[in-house]
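Shown next: data-v5.csv, given as CSV, C-alpha atoms.
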chain,number,residue,atom,x,y,z
A,637,MET,CA,-52.9,-32.6,-49.1
A,638,THR,CA,-56.1,-30.7,-48.2
A,639,GLU,CA,-56.5,-27.0,-48.3
A,640,THR,CA,-56.2,-26.7,-44.5
A,641,ASP,CA,-52.9,-28.5,-44.5
A,642,ASP,CA,-51.4,-25.9,-46.9
A,643,PHE,CA,-51.1,-23.3,-44.1
A,644,HIS,CA,-50.4,-25.7,-41.2
A,645,ILE,CA,-47.2,-24.7,-39.3
A,646,SER,CA,-45.7,-27.2,-37.0
A,647,LEU,CA,-43.5,-25.8,-34.3
A,648,PRO,CA,-41.7,-27.9,-31.7
A,649,ALA,CA,-42.9,-27.9,-28.2
A,650,ASN,CA,-40.8,-25.4,-26.3
A,651,ALA,CA,-39.9,-24.2,-22.8
A,652,ARG,CA,-38.1,-21.0,-21.9
A,653,ILE,CA,-35.0,-21.4,-19.7
A,654,ALA,CA,-35.0,-19.3,-16.5
A,655,SER,CA,-31.4,-20.4,-15.4
A,656,VAL,CA,-28.7,-22.8,-16.2
A,657,GLU,CA,-26.1,-24.1,-13.7
A,658,PHE,CA,-23.0,-26.1,-14.7
A,659,GLY,CA,-22.0,-29.0,-12.5
A,660,ASP,CA,-19.1,-31.4,-13.0
A,661,ASN,CA,-21.1,-33.9,-15.1
A,662,GLN,CA,-24.5,-32.4,-15.2
A,663,LEU,CA,-26.3,-29.3,-16.3
A,664,ARG,CA,-29.1,-28.1,-14.1
A,665,VAL,CA,-31.8,-26.3,-16.2
A,666,GLN,CA,-34.6,-24.4,-14.4
A,667,LEU,CA,-37.5,-23.6,-16.8
A,668,ASP,CA,-39.5,-20.4,-16.6
A,669,ASP,CA,-42.8,-22.2,-15.9
A,670,GLY,CA,-41.7,-22.8,-12.4
A,671,GLY,CA,-41.7,-26.6,-12.8
A,672,SER,CA,-39.1,-29.0,-11.5
A,673,GLU,CA,-35.5,-28.6,-12.2
A,674,ARG,CA,-34.2,-30.6,-15.1
A,675,ILE,CA,-30.8,-32.3,-14.9
A,676,VAL,CA,-29.0,-33.5,-18.0
A,677,SER,CA,-25.7,-35.1,-18.7
A,678,PRO,CA,-23.2,-33.7,-21.3
A,679,ALA,CA,-23.9,-36.7,-23.6
A,680,SER,CA,-27.6,-36.0,-23.7
A,681,ILE,CA,-27.3,-32.5,-25.2
A,682,SER,CA,-27.6,-33.2,-28.9
A,683,ALA,CA,-27.7,-29.6,-30.4
A,684,ILE,CA,-27.0,-26.0,-29.6
A,685,HIS,CA,-28.7,-23.4,-31.8
A,686,GLY,CA,-28.7,-19.7,-31.9
A,687,ALA,CA,-30.0,-16.7,-33.8
A,688,GLU,CA,-30.2,-13.0,-33.9
A,689,ILE,CA,-33.8,-11.8,-34.2
A,690,ARG,CA,-34.5,-8.3,-35.7
A,691,SER,CA,-37.7,-6.5,-35.2
A,692,GLU,CA,-38.7,-3.1,-36.4
A,693,GLY,CA,-41.4,-0.7,-35.2
A,694,LEU,CA,-42.9,2.7,-36.0
A,695,HIS,CA,-43.4,5.1,-33.2
A,696,PRO,CA,-44.7,8.7,-32.9
A,697,ALA,CA,-42.0,11.3,-32.9
A,698,PRO,CA,-41.8,15.0,-33.0
A,699,LEU,CA,-41.7,16.6,-36.5
A,700,VAL,CA,-38.3,17.9,-37.5
A,701,SER,CA,-39.4,21.4,-38.6
A,702,PRO,CA,-43.2,21.6,-38.2
A,703,THR,CA,-45.2,24.4,-39.7
A,704,LEU,CA,-47.4,26.5,-37.5
A,705,VAL,CA,-50.5,24.6,-38.7
A,706,GLU,CA,-48.9,21.2,-37.9
A,707,VAL,CA,-48.1,22.5,-34.4
A,708,MET,CA,-51.6,23.8,-33.8
A,709,MET,CA,-53.1,20.5,-35.0
A,710,GLY,CA,-50.8,18.5,-32.8
A,711,LYS,CA,-49.4,16.5,-35.8
A,712,GLU,CA,-46.6,14.1,-35.1
A,713,GLY,CA,-44.1,12.4,-37.3
A,714,GLN,CA,-43.0,8.8,-37.2
A,715,ALA,CA,-39.7,7.3,-36.2
A,716,ARG,CA,-38.5,3.8,-37.2
A,717,THR,CA,-36.8,1.8,-34.5
A,718,GLU,CA,-34.9,-1.5,-34.8
A,719,VAL,CA,-34.4,-3.9,-32.0
A,720,ARG,CA,-32.1,-6.9,-32.1
A,721,GLN,CA,-32.3,-9.9,-29.7
A,722,TYR,CA,-30.2,-13.0,-29.4
A,723,VAL,CA,-31.8,-16.4,-28.7
A,724,ILE,CA,-30.1,-19.7,-27.8
A,725,ALA,CA,-31.8,-23.1,-27.9
A,726,LEU,CA,-30.8,-26.5,-26.6
A,727,ARG,CA,-32.0,-29.9,-27.7
A,728,ALA,CA,-31.5,-32.8,-25.3
A,729,ALA,CA,-32.2,-36.5,-25.7
A,730,LYS,CA,-35.4,-37.9,-24.1
A,731,VAL,CA,-36.7,-34.3,-23.7
A,732,GLY,CA,-39.9,-33.6,-25.6
A,733,GLU,CA,-39.4,-29.8,-25.8
A,734,LEU,CA,-36.9,-27.4,-27.2
A,735,TRP,CA,-35.3,-25.4,-24.4
A,736,TYR,CA,-34.6,-21.8,-25.3
A,737,LEU,CA,-33.5,-18.5,-23.7
A,738,VAL,CA,-33.7,-14.9,-24.8
A,739,ALA,CA,-30.5,-13.2,-24.0
A,740,ASP,CA,-32.0,-9.8,-23.2
A,741,THR,CA,-33.9,-11.2,-20.2
A,742,PHE,CA,-31.7,-14.1,-19.2
A,743,ASN,CA,-29.9,-14.0,-15.8
A,744,PHE,CA,-26.3,-14.5,-16.9
A,745,ARG,CA,-25.0,-13.7,-13.4
A,746,LYS,CA,-26.8,-16.8,-12.0
A,747,SER,CA,-25.4,-19.0,-14.7
A,748,LEU,CA,-21.9,-17.6,-15.1
A,749,GLY,CA,-21.2,-16.3,-11.6
A,750,SER,CA,-18.4,-13.9,-11.2
A,751,GLN,CA,-17.4,-14.3,-14.8
A,752,ALA,CA,-20.6,-12.5,-16.0
A,753,GLY,CA,-20.0,-9.0,-17.1
A,754,ASN,CA,-22.2,-6.1,-18.2
A,755,ALA,CA,-21.9,-6.6,-22.0
A,756,LEU,CA,-24.6,-8.8,-23.5
A,757,GLU,CA,-22.5,-10.2,-26.3
A,758,GLN,CA,-19.6,-11.0,-24.0
A,759,ASN,CA,-22.0,-12.9,-21.6
A,760,LEU,CA,-23.6,-14.7,-24.5
A,761,ARG,CA,-20.2,-15.8,-25.9
A,762,LEU,CA,-19.1,-17.0,-22.5
A,763,LEU,CA,-22.3,-19.0,-22.0
A,764,LEU,CA,-21.9,-20.6,-25.4
A,765,GLU,CA,-18.2,-21.4,-24.7
A,766,ARG,CA,-19.3,-23.1,-21.4
A,767,LEU,CA,-22.1,-25.0,-23.2
A,768,THR,CA,-19.9,-26.2,-26.1
A,769,THR,CA,-17.1,-27.2,-23.7
A,770,PHE,CA,-19.6,-29.1,-21.5
A,771,ALA,CA,-21.2,-30.9,-24.5
A,772,PRO,CA,-18.5,-30.9,-27.3
A,773,GLN,CA,-20.4,-33.6,-29.3
A,774,ALA,CA,-23.5,-31.4,-29.6
A,775,VAL,CA,-24.3,-30.1,-33.1
A,776,GLN,CA,-23.6,-26.4,-33.4
A,777,ASP,CA,-25.4,-24.3,-36.0
A,778,GLY,CA,-23.8,-21.4,-38.0
A,779,PHE,CA,-24.8,-18.8,-35.4
A,780,VAL,CA,-23.0,-20.6,-32.5
A,781,THR,CA,-20.0,-21.3,-34.7
A,782,ALA,CA,-19.7,-17.7,-35.9
A,783,LEU,CA,-20.2,-16.1,-32.5
A,784,LEU,CA,-17.5,-18.3,-30.9
A,785,ALA,CA,-15.1,-17.8,-33.8
A,786,ASP,CA,-15.8,-14.0,-33.9
A,787,LEU,CA,-17.0,-14.3,-37.5
A,788,PRO,CA,-19.8,-12.3,-39.1
A,789,LEU,CA,-23.2,-13.7,-37.8
A,790,PRO,CA,-25.7,-15.2,-40.2
A,791,PRO,CA,-28.5,-12.9,-41.3
A,792,PRO,CA,-31.0,-12.1,-38.6
A,793,LEU,CA,-34.4,-13.8,-38.4
A,794,GLY,CA,-37.7,-12.0,-38.3
A,795,SER,CA,-39.2,-13.5,-35.1
A,796,LEU,CA,-39.0,-16.1,-32.4
A,797,MET,CA,-41.5,-18.2,-34.3
A,798,GLU,CA,-39.3,-18.2,-37.3
A,799,PHE,CA,-36.4,-19.3,-35.1
A,800,PHE,CA,-38.5,-22.2,-33.8
A,801,LYS,CA,-39.3,-23.2,-37.4
A,802,VAL,CA,-35.7,-23.1,-38.4
A,803,VAL,CA,-34.6,-25.1,-35.4
A,804,SER,CA,-37.3,-27.8,-35.9
A,805,ARG,CA,-35.9,-28.8,-39.3
Produce structure tokens that represent the structure in this file.
Amino acid sequence: MTETDDFHISLPANARIASVEFGDNQLRVQLDDGGSERIVSPASISAIHGAEIRSEGLHPAPLVSPTLVEVMMGKEGQARTEVRQYVIALRAAKVGELWYLVADTFNFRKSLGSQAGNALEQNLRLLLERLTTFAPQAVQDGFVTALLADLPLPPPLGSLMEFFKVVSR
């Protein structure tokens, strides 16, 4: 192994899902790149993965009890914020890329129709129920199993890239 290979990270090719529509014996997947619609059969879906991704940030915030000097200098404090997102990925036979969606920006109403509600976790659970019913033979990771069984979720990952690395194993 050469020195340059030590830091080489291999991520699977991926494509973000814009919408999913369930048919009788087919799943219609529209990708975010605006390309053609992909149609897959239940048997061709080989795995369903999921994760919670946690990210933290520091942001300017007013000081709790500033001194007169701090006010005159315009000094600000810092607040830590934490954001959690859910991601789902599908692997399908004869498809070169990993298809994924970020739940915060996914149009559940288009995929779930009138069953879609206003609660993100409820919509995510319903989408996973539909996917696992549609393709019961697909391998399900710990996140999918835990969410569907209403069990504690696995520890969150640090980024979407980390999710891709975990899913590519």
Counting only C-alpha atoms, which residues come within 10 Å of (-22.8, -16.6, -14.4), with the point read in the file's coordinates, and could you list them as number ranges by chain? A: 655-658, 743-753, 759, 762-763
Please provide the set of residues having any atom within 12 Å of A:Gly670, restricted to all atoms listed in the file, with same-chain residues fewer than 3 positions apart removed, written as a PyMOL selection string. chain A and resi 651-655+665-667+673-674
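For the pair atom CA of A:Phe799 and atom CA of A:Thr781, the interatomic distance is 16.5 Å.
The list of residues with at least one atom within 8 Å of A:Ala683, based on all atoms listed in the file and without residues fewer than 4 positions apart in the same chain, reads A:Leu726, A:Arg727, A:Ala728, A:Ala774, A:Val775, A:Gln776.
Of the listed residues A:Ile681, A:Leu760, A:Ala755, A:Val719, the one whose atoms come nearest to A:Asn661 is A:Ile681, with distances taken using all atoms listed in the file.
Distances to A:Asn650 were evaluated for A:Ala782, A:Leu789, A:Met797, A:Leu734 using all atoms listed in the file, and the minimum falls at A:Leu734.
From atom CA of A:Gln721 back to atom CA of A:Asp740, the distance works out to 6.5 Å.
When atom CA of A:Val731 is paired with atom CA of A:Leu793, their separation reads 25.3 Å.
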Excluding A:Glu798 and any residue of its chain fewer than 5 positions from it, enumerate the residues within 10 Å of it, using all atoms listed in the file, and give them as an mmCIF file with C-alpha atoms, in the frame of the given file.
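Once written, around-v3.cif looks like this:
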data_model
loop_
_atom_site.group_PDB
_atom_site.id
_atom_site.type_symbol
_atom_site.label_atom_id
_atom_site.label_comp_id
_atom_site.auth_asym_id
_atom_site.auth_seq_id
_atom_site.Cartn_x
_atom_site.Cartn_y
_atom_site.Cartn_z
ATOM 1 C CA LEU A 647 -43.500 -25.800 -34.300
ATOM 2 C CA ILE A 689 -33.800 -11.800 -34.200
ATOM 3 C CA LEU A 793 -34.400 -13.800 -38.400
ATOM 4 C CA VAL A 803 -34.600 -25.100 -35.400
ATOM 5 C CA SER A 804 -37.300 -27.800 -35.900
#
Would you mind putting back N, CA and C atoms on stretch 750-771 of chain A, then writing it out as a PDB file, in the frame of the given file?
ATOM      1  N   SER A 750     -19.258 -15.056 -11.145  1.00  0.00           N
ATOM      2  CA  SER A 750     -18.400 -13.900 -11.200  1.00  0.00           C
ATOM      3  C   SER A 750     -17.840 -13.557 -12.545  1.00  0.00           C
ATOM      4  N   GLN A 751     -17.915 -14.518 -13.466  1.00  0.00           N
ATOM      5  CA  GLN A 751     -17.400 -14.300 -14.800  1.00  0.00           C
ATOM      6  C   GLN A 751     -18.358 -13.429 -15.653  1.00  0.00           C
ATOM      7  N   ALA A 752     -19.593 -13.297 -15.216  1.00  0.00           N
ATOM      8  CA  ALA A 752     -20.600 -12.500 -16.000  1.00  0.00           C
ATOM      9  C   ALA A 752     -20.193 -11.029 -15.899  1.00  0.00           C
ATOM     10  N   GLY A 753     -20.332 -10.380 -17.026  1.00  0.00           N
ATOM     11  CA  GLY A 753     -20.000  -9.000 -17.100  1.00  0.00           C
ATOM     12  C   GLY A 753     -21.274  -8.158 -17.413  1.00  0.00           C
ATOM     13  N   ASN A 754     -21.088  -6.934 -17.866  1.00  0.00           N
ATOM     14  CA  ASN A 754     -22.200  -6.100 -18.200  1.00  0.00           C
ATOM     15  C   ASN A 754     -22.521  -6.060 -19.689  1.00  0.00           C
ATOM     16  N   ALA A 755     -21.657  -6.643 -20.521  1.00  0.00           N
ATOM     17  CA  ALA A 755     -21.900  -6.600 -22.000  1.00  0.00           C
ATOM     18  C   ALA A 755     -22.609  -7.908 -22.395  1.00  0.00           C
ATOM     19  N   LEU A 756     -23.727  -7.721 -23.053  1.00  0.00           N
ATOM     20  CA  LEU A 756     -24.600  -8.800 -23.500  1.00  0.00           C
ATOM     21  C   LEU A 756     -23.849  -9.827 -24.357  1.00  0.00           C
ATOM     22  N   GLU A 757     -23.178  -9.327 -25.402  1.00  0.00           N
ATOM     23  CA  GLU A 757     -22.500 -10.200 -26.300  1.00  0.00           C
ATOM     24  C   GLU A 757     -21.379 -11.006 -25.641  1.00  0.00           C
ATOM     25  N   GLN A 758     -20.685 -10.372 -24.730  1.00  0.00           N
ATOM     26  CA  GLN A 758     -19.600 -11.000 -24.000  1.00  0.00           C
ATOM     27  C   GLN A 758     -20.211 -12.168 -23.129  1.00  0.00           C
ATOM     28  N   ASN A 759     -21.312 -11.894 -22.441  1.00  0.00           N
ATOM     29  CA  ASN A 759     -22.000 -12.900 -21.600  1.00  0.00           C
ATOM     30  C   ASN A 759     -22.495 -14.054 -22.479  1.00  0.00           C
ATOM     31  N   LEU A 760     -23.067 -13.712 -23.633  1.00  0.00           N
ATOM     32  CA  LEU A 760     -23.600 -14.700 -24.500  1.00  0.00           C
ATOM     33  C   LEU A 760     -22.471 -15.632 -25.047  1.00  0.00           C
ATOM     34  N   ARG A 761     -21.372 -15.009 -25.441  1.00  0.00           N
ATOM     35  CA  ARG A 761     -20.200 -15.800 -25.900  1.00  0.00           C
ATOM     36  C   ARG A 761     -19.691 -16.701 -24.829  1.00  0.00           C
ATOM     37  N   LEU A 762     -19.584 -16.186 -23.619  1.00  0.00           N
ATOM     38  CA  LEU A 762     -19.100 -17.000 -22.500  1.00  0.00           C
ATOM     39  C   LEU A 762     -20.023 -18.160 -22.194  1.00  0.00           C
ATOM     40  N   LEU A 763     -21.335 -17.914 -22.228  1.00  0.00           N
ATOM     41  CA  LEU A 763     -22.300 -19.000 -22.000  1.00  0.00           C
ATOM     42  C   LEU A 763     -22.172 -20.061 -23.089  1.00  0.00           C
ATOM     43  N   LEU A 764     -22.040 -19.638 -24.340  1.00  0.00           N
ATOM     44  CA  LEU A 764     -21.900 -20.600 -25.400  1.00  0.00           C
ATOM     45  C   LEU A 764     -20.567 -21.377 -25.313  1.00  0.00           C
ATOM     46  N   GLU A 765     -19.505 -20.711 -24.889  1.00  0.00           N
ATOM     47  CA  GLU A 765     -18.200 -21.400 -24.700  1.00  0.00           C
ATOM     48  C   GLU A 765     -18.398 -22.493 -23.602  1.00  0.00           C
ATOM     49  N   ARG A 766     -19.082 -22.152 -22.521  1.00  0.00           N
ATOM     50  CA  ARG A 766     -19.300 -23.100 -21.400  1.00  0.00           C
ATOM     51  C   ARG A 766     -20.154 -24.290 -21.937  1.00  0.00           C
ATOM     52  N   LEU A 767     -21.222 -23.984 -22.693  1.00  0.00           N
ATOM     53  CA  LEU A 767     -22.100 -25.000 -23.200  1.00  0.00           C
ATOM     54  C   LEU A 767     -21.370 -25.960 -24.183  1.00  0.00           C
ATOM     55  N   THR A 768     -20.596 -25.390 -25.098  1.00  0.00           N
ATOM     56  CA  THR A 768     -19.900 -26.200 -26.100  1.00  0.00           C
ATOM     57  C   THR A 768     -18.734 -26.995 -25.472  1.00  0.00           C
ATOM     58  N   THR A 769     -18.150 -26.476 -24.410  1.00  0.00           N
ATOM     59  CA  THR A 769     -17.100 -27.200 -23.700  1.00  0.00           C
ATOM     60  C   THR A 769     -17.759 -28.352 -22.883  1.00  0.00           C
ATOM     61  N   PHE A 770     -18.908 -28.069 -22.296  1.00  0.00           N
ATOM     62  CA  PHE A 770     -19.600 -29.100 -21.500  1.00  0.00           C
ATOM     63  C   PHE A 770     -20.136 -30.208 -22.391  1.00  0.00           C
ATOM     64  N   ALA A 771     -20.626 -29.883 -23.593  1.00  0.00           N
ATOM     65  CA  ALA A 771     -21.200 -30.900 -24.500  1.00  0.00           C
ATOM     66  C   ALA A 771     -20.520 -30.732 -25.890  1.00  0.00           C
TER      67      ALA A 771
END
